[in-house]
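J.: I have a structure here, written as structure tokens, and I will follow up with some questions on it.
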Amino acid sequence: MSTLLHIENLGVTFPSRHGEFQALSAVDLQVQRGQIHGLVGQSGAGKSTIGAAVIGLLSAPGYVSSGQLILDGLDLRSLSPVQAHELRGDRISMIFQDPQTSLNPLMTVEQQLIETIQSHRDLDDDAARVRAVELLTETGIENASVRIKAYPHQFSGGMRQRVVIALAICTDPELIIADEPTTALDVAVQSQVLDLIKDLARRRDIGFLLITHDIGVIAQVADVVTVLRDGKLIEHGPTEQVLQNPSESYTQSLMAAVPRLDKKLARFLNPEETSELDPDISLQRAPTDRGEMAEEWLMAGVAREASSLRADNITVKFAGQRQSLWRRPEPFVALKNVSVEARAAKVLGIVGESGSGKSTLAKVITGLIKPHGGTLSLDGQQLPTGKTRSRNHPSRRWVQMVFQDPYSSLNARHRIGDILAEPLQHFSLETDATKRRQLVQATLELVGLDAGQIDRYPHQFSGGQRQRIAIARALLARPKVLLCDEPTSALDVSIQAQVLNLLKDLQAQFGLTIIFISHNLAVVRQMADDIVVLRNGQVVESGDSELFFSQPSAEYSKELLALTPSAFSS
Amino acid sequence: MTNFWNSDSVWLFRHRPTAIIAAIVAVLIIGSAAAAPWIAIANPYDLSTFNLMDGLLPPLWQSGGQAQFVLGTDDQGRDMVSAILYGARLSLIIGLSAMAIAAVLGVGLGMSAGYFGGWLDTIVMRIADIQLALPAILTALLIDGIARGVLEQETHQSLRVVVLITAIALSLWVNFARTARASVLVERNKEYVQAAEMMGQHPVRIMSRHILPNILGPLLVIMTVDLASAILLEATLSFLGIGLPADSPSLGTLIRIGMQFLFSGEWWILWVPTLFLVMLVVAINLLGDFLREVFNPRLRR
């Protein structure tokens with residue numbers, strides 16, 4: 001192996017009116033030919049900035065402020081814009097996160113490949129077409145000579161990412177920067193794409209710079225890994241060594257926060273230092289007076305026996321695409337005879353790939369979608385579905401939800417205090433405004449935030465803090481059942497660990513019944529007592545969670561478990 | 001206060017010379033128009049205050065100008081400065097009221113159409129499409145014509161301002177409706193709206209308390225742009241003679257009167273109110289462009 005890319009003392013600066021922001025400082029790294037070099041770190045750590053600096057596409061006003069970038073003896077910083085443009089695509093290629101947007105929807109795959117090939121090689125159309133078919137075959141697209149005429153939307157997500165990879169290698173680049181190449185894909189497809197990347201590195205001797213937030217992906221394919229934090233290099237070395245035996249405390253805490261697929265932990269170790277303000281302190285330290293007040297209030301309301309929620313034979317159909325003017329369109333069946341039961345004071349995990357109907361089920365339970373068949377019941381009492389559930393039906397309060405995206409689930413124009421007081425006021429739980437405010441402050445402390453932040457707006461909080469606020473809002477309705485739809489998939493791992501710890505603690509404390517929906521098996525293993533696996537709107541397997549993870553019975557479940565990358569070699 | 005001074009929008013304002021100039025011009029014009037009864041030397045609506053002997057005096061700096069009439073007088077001996085200030089006042093009152101009515105009507109209908117969808121959406125937006133197919137002036141002419149036919153001559157005279165406002169408002173609401181509907185369609189799929197729906201809050205409350213504050217940005221831009229259009233539309237209608245009569249002149253009426261002197265050498269009677277109107281409309285439009293930049297950071301350089 002020889003050194004392909006040599007980065008030394010790299011600094012990237014973004015000037016703004018608030019002063020200069022140092023996105024990267026003193027980063028050194030080397031990529032060898034045929035090597036997959038993983039870059040991990042939380043959002044904002046500067047992973048993508050390294051990639052952009054190498055390929056010369058830093059978004060304005062950012063610029064490389066110091067250091068050297070050398071590609072096989074060629075100083076990348078000394079290139080003129082024209083030279084840099086010729087180098088891009090020719091010697092350095094890029095694979096983006098979302099194949100949906102990185103391909104042009106109006107051009108066939110053939111046109112896009114031929115265009116790219118001809119812009120770097122002097123080939124006529126026929127020769128370029130032959131080459132394009134070869135490339136598609138190489139990246140694993142069957143029947144490539146026919147499929148090449150198709151448009152991007154006629155390929156599935158995984159196939160599309162293969163086309164993107166074919167585009168990236170069509171000029172025989174030496175270095176490929178892959179920025180979260182599998183984040184938008186389901187596990188089964190992800191594993192195929194990762195295999196392809198690994199294969200290309202070996203066979204074509206291409207150096208890969210693989211940028212990802214998913215440590216499981218790194219563990220599966222990277223030879224060498226570099227851990228970044230706040231634009232600084234924390235640790236680097238062979239993957240095995242860094243993941244199994246991290247020497248830096250930051251890497252250790254990062255690894256401790258990664259949910260394990262192989263065993264269930266009571267709670268995550270408290271990540272020692274994270275960029276979040278006060279990780280979990282309130283749950284560790286003796287509860288403050290106010291925290292206790294919220295606890296008492298919640299206890300008084302919820303206190304009592306826990307509730308169970310059943311959904312029986314739920315079927316949901318959506319209007320399909322109209323094929324003919326005269327015939328009714330075939331409906332698309334999102335859920336087919338799905339039955340699940342969330343036992344009282346237990347956590348029910350619902351897993352499945354995208355399109356399996358997880359979120360549709362959540363919407364049925366909350367009454368946002370009316371199912372075409374099936375019943376819902378809470379503690380044996382039937383719940384009206386969809387619009388038949390009146391606005392003041394008591395289940396509006398009993399079932400509360402924590403949404404996936406904490407950036408859109410809190411109204412950006414309302415103060416935190418108003419957002420949290422809303423359920424109290426709406427459900428007439430507390431009529432006195434002063435008491436409401438006290439209770440809101442108390443609940444903020446209960447979920448590990450500072451009561452003094454009550455008058456701030458959502459944008460003044462980080463993602464993890466916002467998710468805590470969303471949880472506090474759900475709690476303040478004194479719910480019987482808490483529905484969490486992918487509550488941590490928008491968060492970094494260490495923040496995810498804190499939020500999961502918080503949910504576990506609250507569940508234990510208040511005996512809440514929780515329905516926890518996620519695509520991430522490892523996360524579900526950490527949370528669930530029972531589990532339901534959905535696929536294409538049908539239940540594949542359901543039962544005790546621990547049993548499922550040790551001895552999955554359905555073929556699909558086994559496959560799913562085998563394909564999920566794990567950061568821990570068992 | 002330092003917070004306010006350093007907030008992004010104020011900072012941007014301080015670094016946009018065009019926005020600052022536009023704001024100064026707009027504030028000067030609107031302020032002096034509002035204060036017209038106190039700062040103007042004569043009331044142009046009161047025929048007894050001016051003297052025919054003072055007719056057709058040129059502006060101060062031309063020979064024959066009198067210090068009393070800085071921008072000269074028209075054929076009736078009316079002081080141009082006072083006429084313009086009163087005219088601008090009337091134009092602004094009509095423009096603002098029309099814009100406000102159009103905003104309330106358009107935002108209400110547009111938000112409901114976007115939020116409820118279905119047949120309400122179809123009906124409202126088809127009416128909007130029909131409205132768009134008719135030029136604004138035609139709509140205004142139509143309404144004025146109907147008002148003339150339905151109302152008694154005297155009632156019509158006394159309600160002229162109201163008819164004008166209605167006519168302008170009805171030709172401007174579509175902009176608001178379309179913008180509000182489009183923004184609501186984006187917002188209503190966000191999870192904070194779902195959270196409110198799940199709680200069982202009333203649709204009116206969800207729209208007014210949750211969605212409206214989040215779509216105010218684009219609506220504010222439309223407001224400024226439409227204020228400028230409303231003023232122009234009023235001027236056009238008055239110019240065509242279906243707006244306000246010569247005894248209570250708005251800017252448009254003043255321009256119409258000035259047209260008679262286009263080739264007579266008394267240039268100021270036409271050009272002074274015209275330039276004043278252009279300055280006002282350009283200033284408001286530039287402020288609208290600035291607001292658009294504030295609310296849409298992608299337009300920033």
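Chain labels follow the order of the structure tokens: the first chain is A, the next B, and so on; residue numbering restarts at 1 in every chain, and ligands are counted from 1 in their shown order.
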Pull out every residue of chain A sitting within 8 Å of chain B, counting only C-alpha atoms, and send them as a PDB file with all heavy atoms, in the first residue's frame.

T.:
```pdb
ATOM      1  N   THR A 366     -53.131   7.115  17.528  1.00  0.00           N
ATOM      2  CA  THR A 366     -53.387   8.468  18.005  1.00  0.00           C
ATOM      3  C   THR A 366     -54.643   9.072  17.397  1.00  0.00           C
ATOM      4  O   THR A 366     -55.043  10.159  17.775  1.00  0.00           O
ATOM      5  CB  THR A 366     -52.221   9.411  17.672  1.00  0.00           C
ATOM      6  OG1 THR A 366     -51.999   9.322  16.265  1.00  0.00           O
ATOM      7  CG2 THR A 366     -50.977   9.026  18.410  1.00  0.00           C
ATOM      8  N   GLY A 367     -55.252   8.388  16.449  1.00  0.00           N
ATOM      9  CA  GLY A 367     -56.499   8.904  15.890  1.00  0.00           C
ATOM     10  C   GLY A 367     -56.308   9.846  14.723  1.00  0.00           C
ATOM     11  O   GLY A 367     -57.246  10.510  14.300  1.00  0.00           O
ATOM     12  N   LEU A 368     -55.091   9.923  14.182  1.00  0.00           N
ATOM     13  CA  LEU A 368     -54.871  10.815  13.041  1.00  0.00           C
ATOM     14  C   LEU A 368     -55.294  10.149  11.735  1.00  0.00           C
ATOM     15  O   LEU A 368     -55.573  10.805  10.752  1.00  0.00           O
ATOM     16  CB  LEU A 368     -53.399  11.235  12.954  1.00  0.00           C
ATOM     17  CG  LEU A 368     -52.902  12.193  14.034  1.00  0.00           C
ATOM     18  CD1 LEU A 368     -51.403  12.417  13.917  1.00  0.00           C
ATOM     19  CD2 LEU A 368     -53.627  13.528  13.966  1.00  0.00           C
ATOM     20  N   SER A 390     -64.013  12.015  19.153  1.00  0.00           N
ATOM     21  CA  SER A 390     -64.350  13.427  19.278  1.00  0.00           C
ATOM     22  C   SER A 390     -63.171  14.201  19.864  1.00  0.00           C
ATOM     23  O   SER A 390     -62.281  13.620  20.468  1.00  0.00           O
ATOM     24  CB  SER A 390     -65.574  13.604  20.176  1.00  0.00           C
ATOM     25  OG  SER A 390     -65.243  13.172  21.468  1.00  0.00           O
ATOM     26  N   ARG A 391     -63.219  15.530  19.667  1.00  0.00           N
ATOM     27  CA  ARG A 391     -62.086  16.340  20.126  1.00  0.00           C
ATOM     28  C   ARG A 391     -61.885  16.277  21.627  1.00  0.00           C
ATOM     29  O   ARG A 391     -60.780  16.435  22.111  1.00  0.00           O
ATOM     30  CB  ARG A 391     -62.266  17.793  19.681  1.00  0.00           C
ATOM     31  CG  ARG A 391     -61.737  18.067  18.304  1.00  0.00           C
ATOM     32  CD  ARG A 391     -61.362  19.519  18.168  1.00  0.00           C
ATOM     33  NE  ARG A 391     -62.503  20.388  18.303  1.00  0.00           N
ATOM     34  CZ  ARG A 391     -63.344  20.636  17.324  1.00  0.00           C
ATOM     35  NH1 ARG A 391     -63.158  20.095  16.153  1.00  0.00           N
ATOM     36  NH2 ARG A 391     -64.355  21.435  17.507  1.00  0.00           N
ATOM     37  N   ASN A 392     -62.967  16.046  22.359  1.00  0.00           N
ATOM     38  CA  ASN A 392     -62.772  16.029  23.815  1.00  0.00           C
ATOM     39  C   ASN A 392     -62.847  14.627  24.411  1.00  0.00           C
ATOM     40  O   ASN A 392     -63.124  14.447  25.595  1.00  0.00           O
ATOM     41  CB  ASN A 392     -63.777  16.962  24.496  1.00  0.00           C
ATOM     42  CG  ASN A 392     -65.175  16.713  23.987  1.00  0.00           C
ATOM     43  OD1 ASN A 392     -65.411  15.697  23.333  1.00  0.00           O
ATOM     44  ND2 ASN A 392     -66.106  17.622  24.274  1.00  0.00           N
ATOM     45  N   ARG A 396     -57.740  11.371  24.241  1.00  0.00           N
ATOM     46  CA  ARG A 396     -56.851  12.405  23.712  1.00  0.00           C
ATOM     47  C   ARG A 396     -55.762  12.709  24.732  1.00  0.00           C
ATOM     48  O   ARG A 396     -54.678  13.122  24.383  1.00  0.00           O
ATOM     49  CB  ARG A 396     -57.637  13.689  23.438  1.00  0.00           C
ATOM     50  CG  ARG A 396     -58.684  13.526  22.389  1.00  0.00           C
ATOM     51  CD  ARG A 396     -58.107  13.828  21.036  1.00  0.00           C
ATOM     52  NE  ARG A 396     -59.121  13.700  20.007  1.00  0.00           N
ATOM     53  CZ  ARG A 396     -58.831  13.581  18.727  1.00  0.00           C
ATOM     54  NH1 ARG A 396     -57.577  13.573  18.350  1.00  0.00           N
ATOM     55  NH2 ARG A 396     -59.787  13.459  17.847  1.00  0.00           N
ATOM     56  N   ARG A 397     -56.105  12.566  25.991  1.00  0.00           N
ATOM     57  CA  ARG A 397     -55.116  12.820  27.030  1.00  0.00           C
ATOM     58  C   ARG A 397     -54.367  11.542  27.394  1.00  0.00           C
ATOM     59  O   ARG A 397     -53.173  11.569  27.663  1.00  0.00           O
ATOM     60  CB  ARG A 397     -55.816  13.387  28.270  1.00  0.00           C
ATOM     61  CG  ARG A 397     -54.881  13.584  29.442  1.00  0.00           C
ATOM     62  CD  ARG A 397     -55.515  14.394  30.530  1.00  0.00           C
ATOM     63  NE  ARG A 397     -56.462  13.648  31.343  1.00  0.00           N
ATOM     64  CZ  ARG A 397     -56.116  12.746  32.240  1.00  0.00           C
ATOM     65  NH1 ARG A 397     -54.850  12.459  32.430  1.00  0.00           N
ATOM     66  NH2 ARG A 397     -57.024  12.111  32.945  1.00  0.00           N
ATOM     67  N   MET A 401     -47.867  11.324  22.579  1.00  0.00           N
ATOM     68  CA  MET A 401     -46.870  10.895  21.611  1.00  0.00           C
ATOM     69  C   MET A 401     -45.609  11.744  21.671  1.00  0.00           C
ATOM     70  O   MET A 401     -45.669  12.949  21.880  1.00  0.00           O
ATOM     71  CB  MET A 401     -47.495  10.998  20.214  1.00  0.00           C
ATOM     72  CG  MET A 401     -46.587  10.556  19.116  1.00  0.00           C
ATOM     73  SD  MET A 401     -47.558   9.933  17.735  1.00  0.00           S
ATOM     74  CE  MET A 401     -46.273   9.718  16.521  1.00  0.00           C
ATOM     75  N   PHE A 403     -42.590  12.665  19.129  1.00  0.00           N
ATOM     76  CA  PHE A 403     -42.346  12.545  17.693  1.00  0.00           C
ATOM     77  C   PHE A 403     -40.878  12.332  17.367  1.00  0.00           C
ATOM     78  O   PHE A 403     -40.008  12.512  18.203  1.00  0.00           O
ATOM     79  CB  PHE A 403     -42.840  13.804  16.977  1.00  0.00           C
ATOM     80  CG  PHE A 403     -44.324  13.958  17.000  1.00  0.00           C
ATOM     81  CD1 PHE A 403     -44.951  14.634  18.043  1.00  0.00           C
ATOM     82  CD2 PHE A 403     -45.104  13.428  15.988  1.00  0.00           C
ATOM     83  CE1 PHE A 403     -46.322  14.781  18.066  1.00  0.00           C
ATOM     84  CE2 PHE A 403     -46.471  13.579  16.006  1.00  0.00           C
ATOM     85  CZ  PHE A 403     -47.091  14.250  17.040  1.00  0.00           C
ATOM     86  N   ASP A 405     -38.931  14.029  15.023  1.00  0.00           N
ATOM     87  CA  ASP A 405     -38.069  15.166  14.754  1.00  0.00           C
ATOM     88  C   ASP A 405     -38.305  16.303  15.737  1.00  0.00           C
ATOM     89  O   ASP A 405     -39.275  17.031  15.619  1.00  0.00           O
ATOM     90  CB  ASP A 405     -38.336  15.651  13.325  1.00  0.00           C
ATOM     91  CG  ASP A 405     -37.457  16.829  12.951  1.00  0.00           C
ATOM     92  OD1 ASP A 405     -36.582  17.163  13.764  1.00  0.00           O
ATOM     93  OD2 ASP A 405     -37.663  17.392  11.879  1.00  0.00           O
ATOM     94  N   SER A 408     -39.207  19.819  14.414  1.00  0.00           N
ATOM     95  CA  SER A 408     -40.498  20.263  13.905  1.00  0.00           C
ATOM     96  C   SER A 408     -41.639  19.970  14.871  1.00  0.00           C
ATOM     97  O   SER A 408     -42.750  20.425  14.666  1.00  0.00           O
ATOM     98  CB  SER A 408     -40.776  19.658  12.530  1.00  0.00           C
ATOM     99  OG  SER A 408     -41.392  18.398  12.645  1.00  0.00           O
ATOM    100  N   SER A 409     -41.385  19.225  15.943  1.00  0.00           N
ATOM    101  CA  SER A 409     -42.510  18.894  16.814  1.00  0.00           C
ATOM    102  C   SER A 409     -42.789  19.980  17.853  1.00  0.00           C
ATOM    103  O   SER A 409     -43.798  19.933  18.535  1.00  0.00           O
ATOM    104  CB  SER A 409     -42.290  17.541  17.490  1.00  0.00           C
ATOM    105  OG  SER A 409     -41.226  17.604  18.390  1.00  0.00           O
ATOM    106  N   LEU A 410     -41.874  20.942  17.988  1.00  0.00           N
ATOM    107  CA  LEU A 410     -42.138  22.070  18.897  1.00  0.00           C
ATOM    108  C   LEU A 410     -42.369  23.316  18.049  1.00  0.00           C
ATOM    109  O   LEU A 410     -41.584  23.602  17.146  1.00  0.00           O
ATOM    110  CB  LEU A 410     -40.948  22.296  19.826  1.00  0.00           C
ATOM    111  CG  LEU A 410     -40.505  21.104  20.664  1.00  0.00           C
ATOM    112  CD1 LEU A 410     -39.262  21.452  21.466  1.00  0.00           C
ATOM    113  CD2 LEU A 410     -41.607  20.666  21.608  1.00  0.00           C
ATOM    114  N   ASN A 411     -43.432  24.043  18.335  1.00  0.00           N
ATOM    115  CA  ASN A 411     -43.741  25.251  17.573  1.00  0.00           C
ATOM    116  C   ASN A 411     -42.665  26.308  17.806  1.00  0.00           C
ATOM    117  O   ASN A 411     -42.467  26.783  18.923  1.00  0.00           O
ATOM    118  CB  ASN A 411     -45.102  25.787  18.002  1.00  0.00           C
ATOM    119  CG  ASN A 411     -45.610  26.863  17.073  1.00  0.00           C
ATOM    120  OD1 ASN A 411     -44.833  27.551  16.421  1.00  0.00           O
ATOM    121  ND2 ASN A 411     -46.916  26.995  16.991  1.00  0.00           N
ATOM    122  N   ALA A 412     -41.960  26.673  16.712  1.00  0.00           N
ATOM    123  CA  ALA A 412     -40.804  27.554  16.830  1.00  0.00           C
ATOM    124  C   ALA A 412     -41.153  28.945  17.344  1.00  0.00           C
ATOM    125  O   ALA A 412     -40.302  29.674  17.814  1.00  0.00           O
ATOM    126  CB  ALA A 412     -40.115  27.663  15.470  1.00  0.00           C
ATOM    127  N   ARG A 413     -42.428  29.331  17.253  1.00  0.00           N
ATOM    128  CA  ARG A 413     -42.809  30.691  17.637  1.00  0.00           C
ATOM    129  C   ARG A 413     -43.342  30.775  19.055  1.00  0.00           C
ATOM    130  O   ARG A 413     -43.789  31.822  19.494  1.00  0.00           O
ATOM    131  CB  ARG A 413     -43.872  31.231  16.686  1.00  0.00           C
ATOM    132  CG  ARG A 413     -43.452  31.245  15.260  1.00  0.00           C
ATOM    133  CD  ARG A 413     -42.689  32.509  14.970  1.00  0.00           C
ATOM    134  NE  ARG A 413     -41.981  32.409  13.707  1.00  0.00           N
ATOM    135  CZ  ARG A 413     -41.565  33.449  13.017  1.00  0.00           C
ATOM    136  NH1 ARG A 413     -41.763  34.648  13.491  1.00  0.00           N
ATOM    137  NH2 ARG A 413     -40.925  33.290  11.903  1.00  0.00           N
ATOM    138  N   PRO A 423     -50.826  21.417  27.354  1.00  0.00           N
ATOM    139  CA  PRO A 423     -51.646  20.275  27.775  1.00  0.00           C
ATOM    140  C   PRO A 423     -52.353  20.519  29.110  1.00  0.00           C
ATOM    141  O   PRO A 423     -53.506  20.102  29.281  1.00  0.00           O
ATOM    142  CB  PRO A 423     -50.644  19.119  27.872  1.00  0.00           C
ATOM    143  CG  PRO A 423     -49.296  19.706  27.792  1.00  0.00           C
ATOM    144  CD  PRO A 423     -49.434  21.010  27.095  1.00  0.00           C
ATOM    145  N   HIS A 426     -55.229  22.834  28.197  1.00  0.00           N
ATOM    146  CA  HIS A 426     -56.183  22.234  27.275  1.00  0.00           C
ATOM    147  C   HIS A 426     -57.013  21.151  27.941  1.00  0.00           C
ATOM    148  O   HIS A 426     -58.217  21.049  27.730  1.00  0.00           O
ATOM    149  CB  HIS A 426     -55.449  21.667  26.066  1.00  0.00           C
ATOM    150  CG  HIS A 426     -56.357  21.066  25.060  1.00  0.00           C
ATOM    151  ND1 HIS A 426     -57.097  21.829  24.191  1.00  0.00           N
ATOM    152  CD2 HIS A 426     -56.680  19.777  24.801  1.00  0.00           C
ATOM    153  CE1 HIS A 426     -57.828  21.039  23.438  1.00  0.00           C
ATOM    154  NE2 HIS A 426     -57.593  19.785  23.783  1.00  0.00           N
TER     155      HIS A 426
END
```

J.: Tell me which protein, DNA and RNA residues are within 12 Å of B:Ile39, counting only C-alpha atoms, leaving out same-chain ones fewer than 2 positions away, and put them as a list in words.

T.: Gly31, Ser32, Ala33, Ala34, Ala35, Ala36, Pro37, Ile41, Ala42, Asn43, Val81, Ser82, Ala83, Ile84, Leu85 and Tyr86 of chain B

J.: Deliver the residues from the most recent selection as a file, using all heavy atoms, as a short mmCIF file (atom, residue, chain, number, x, y, z; two decimals), in the first residue's frame.

T.:
```
data_model
loop_
_atom_site.label_atom_id
_atom_site.label_comp_id
_atom_site.auth_asym_id
_atom_site.auth_seq_id
_atom_site.Cartn_x
_atom_site.Cartn_y
_atom_site.Cartn_z
N GLY B 31 -45.08 59.89 7.17
CA GLY B 31 -45.19 60.77 8.33
C GLY B 31 -45.77 62.13 7.96
O GLY B 31 -46.71 62.63 8.60
N SER B 32 -45.26 62.72 6.87
CA SER B 32 -45.75 64.06 6.52
C SER B 32 -47.19 63.97 6.01
O SER B 32 -48.00 64.89 6.24
CB SER B 32 -44.84 64.71 5.48
OG SER B 32 -44.73 63.87 4.36
N ALA B 33 -47.53 62.86 5.34
CA ALA B 33 -48.91 62.72 4.87
C ALA B 33 -49.86 62.61 6.06
O ALA B 33 -50.93 63.22 6.08
CB ALA B 33 -49.04 61.48 3.97
N ALA B 34 -49.42 61.85 7.08
CA ALA B 34 -50.28 61.68 8.26
C ALA B 34 -50.45 63.00 8.98
O ALA B 34 -51.51 63.31 9.54
CB ALA B 34 -49.67 60.63 9.20
N ALA B 35 -49.40 63.84 8.95
CA ALA B 35 -49.45 65.11 9.68
C ALA B 35 -49.95 66.26 8.80
O ALA B 35 -49.85 67.42 9.19
CB ALA B 35 -48.06 65.42 10.24
N ALA B 36 -50.47 65.92 7.62
CA ALA B 36 -50.86 66.96 6.67
C ALA B 36 -51.70 68.11 7.26
O ALA B 36 -51.38 69.28 7.04
CB ALA B 36 -51.59 66.33 5.48
N PRO B 37 -52.74 67.83 8.04
CA PRO B 37 -53.58 68.93 8.54
C PRO B 37 -52.80 69.92 9.39
O PRO B 37 -53.21 71.07 9.53
CB PRO B 37 -54.63 68.21 9.37
CG PRO B 37 -54.64 66.80 8.88
CD PRO B 37 -53.26 66.52 8.41
N ILE B 41 -49.92 74.41 4.58
CA ILE B 41 -50.31 75.80 4.83
C ILE B 41 -51.77 76.06 4.48
O ILE B 41 -52.38 76.99 4.94
CB ILE B 41 -49.41 76.79 4.05
CG1 ILE B 41 -49.41 76.40 2.55
CG2 ILE B 41 -48.01 76.82 4.62
CD1 ILE B 41 -48.92 77.52 1.69
N ALA B 42 -52.32 75.22 3.62
CA ALA B 42 -53.72 75.45 3.24
C ALA B 42 -54.44 74.13 3.16
O ALA B 42 -53.82 73.09 2.98
CB ALA B 42 -53.77 76.15 1.89
N ASN B 43 -55.75 74.15 3.29
CA ASN B 43 -56.53 72.94 3.14
C ASN B 43 -57.06 72.89 1.70
O ASN B 43 -57.92 73.68 1.33
CB ASN B 43 -57.69 72.95 4.13
CG ASN B 43 -58.53 71.70 3.99
OD1 ASN B 43 -58.32 70.90 3.08
ND2 ASN B 43 -59.49 71.56 4.89
N VAL B 81 -47.80 71.82 -2.55
CA VAL B 81 -47.32 71.06 -1.39
C VAL B 81 -48.50 70.55 -0.57
O VAL B 81 -48.62 69.37 -0.26
CB VAL B 81 -46.38 71.92 -0.51
CG1 VAL B 81 -45.99 71.14 0.74
CG2 VAL B 81 -45.15 72.33 -1.30
N SER B 82 -49.43 71.45 -0.28
CA SER B 82 -50.58 71.04 0.53
C SER B 82 -51.41 69.99 -0.20
O SER B 82 -51.83 68.99 0.38
CB SER B 82 -51.48 72.24 0.83
OG SER B 82 -50.70 73.29 1.33
N ALA B 83 -51.60 70.21 -1.52
CA ALA B 83 -52.41 69.26 -2.29
C ALA B 83 -51.78 67.87 -2.27
O ALA B 83 -52.47 66.87 -2.09
CB ALA B 83 -52.55 69.76 -3.72
N ILE B 84 -50.46 67.84 -2.42
CA ILE B 84 -49.79 66.53 -2.44
C ILE B 84 -49.88 65.85 -1.09
O ILE B 84 -50.15 64.67 -0.99
CB ILE B 84 -48.31 66.71 -2.87
CG1 ILE B 84 -48.26 67.00 -4.36
CG2 ILE B 84 -47.50 65.46 -2.55
CD1 ILE B 84 -46.90 67.40 -4.83
N LEU B 85 -49.65 66.63 -0.02
CA LEU B 85 -49.70 66.01 1.31
C LEU B 85 -51.09 65.45 1.59
O LEU B 85 -51.24 64.31 2.02
CB LEU B 85 -49.31 67.03 2.38
CG LEU B 85 -47.82 67.42 2.37
CD1 LEU B 85 -47.51 68.36 3.52
CD2 LEU B 85 -46.93 66.19 2.45
N TYR B 86 -52.11 66.23 1.31
CA TYR B 86 -53.48 65.74 1.53
C TYR B 86 -53.80 64.58 0.60
O TYR B 86 -54.44 63.60 0.98
CB TYR B 86 -54.49 66.88 1.34
CG TYR B 86 -54.72 67.67 2.60
CD1 TYR B 86 -53.92 68.76 2.92
CD2 TYR B 86 -55.76 67.32 3.47
CE1 TYR B 86 -54.11 69.49 4.07
CE2 TYR B 86 -55.96 68.05 4.63
CZ TYR B 86 -55.15 69.14 4.93
OH TYR B 86 -55.36 69.84 6.08
#
```

J.: Please provide as a ChimeraX atom specification all residues within 7 Å of stretch 247-263 of chain B, with the sequence filter that same-chain residues fewer than 5 positions apart are discarded (counting only C-alpha atoms).

T.: /B:45,84,87-88,90-91,234-236,238-239,269-270,273-274,277

J.: I need the residues of stretch 66-291 of chain B that end up classed as alpha helix (DSSP H) by DSSP on the backbone, written out as a PyMOL selection string.

T.: chain B and resi 80-116+118-133+136-150+153-158+160-187+191-199+203-205+212-239+251-259+268-291

J.: List as a list in words the protein and nucleic acid residues near B:Val162, meaning an atom at most 10 Å away when only C-alpha atoms are counted, but skip any in the same chain fewer than 4 places from it.

T.: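 Result of the neighbour search: Ile94, Ser97, Ala98, His156, Ser158, Thr166, Ala167 and Ile168 of chain B.
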
J.: So that I can see what lies close to A:Gly417, please list as a list of chain:residue names the residues with an atom at most 7 Å from it, counting only C-alpha atoms and leaving out residues fewer than 3 positions away in the same chain.

T.: A:Leu420, A:Ala421, A:Val440, A:Ile454, A:Asp455

J.: Would you please work out which residue, of B:Val221, B:Ile21, B:Val278, B:Ile284, is nearest to B:Ala103 when using only C-alpha atoms?

T.: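 Of the candidates, the smallest distance to B:Ala103 is held by B:Val221.
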
J.: Identify, with DSSP run on backbone atoms, the residues in stretch 292-521 of chain A assigned to strand (DSSP E or B), and express the list as a count of residues only.

T.: 50

J.: Which residue gives the smallest distance to B:Val282 among B:Met125, B:Ala23, B:Trp5, B:Val186, with only C-alpha atoms counted?

T.: B:Ala23

J.: Which residue gives the smallest distance to A:Asn9 among A:Ala490, A:Ile50, A:Ile36, A:Val481, with only C-alpha atoms counted?

T.: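 Of all the options, A:Ile50 lies closest to A:Asn9.
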
J.: Hey, which of B:Ala180, B:Ile123, B:Ala283, B:Met99 ends up closest to B:Leu219? Count only C-alpha atoms.

T.: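 The shortest atom-to-atom distance to B:Leu219 comes from B:Ala180.
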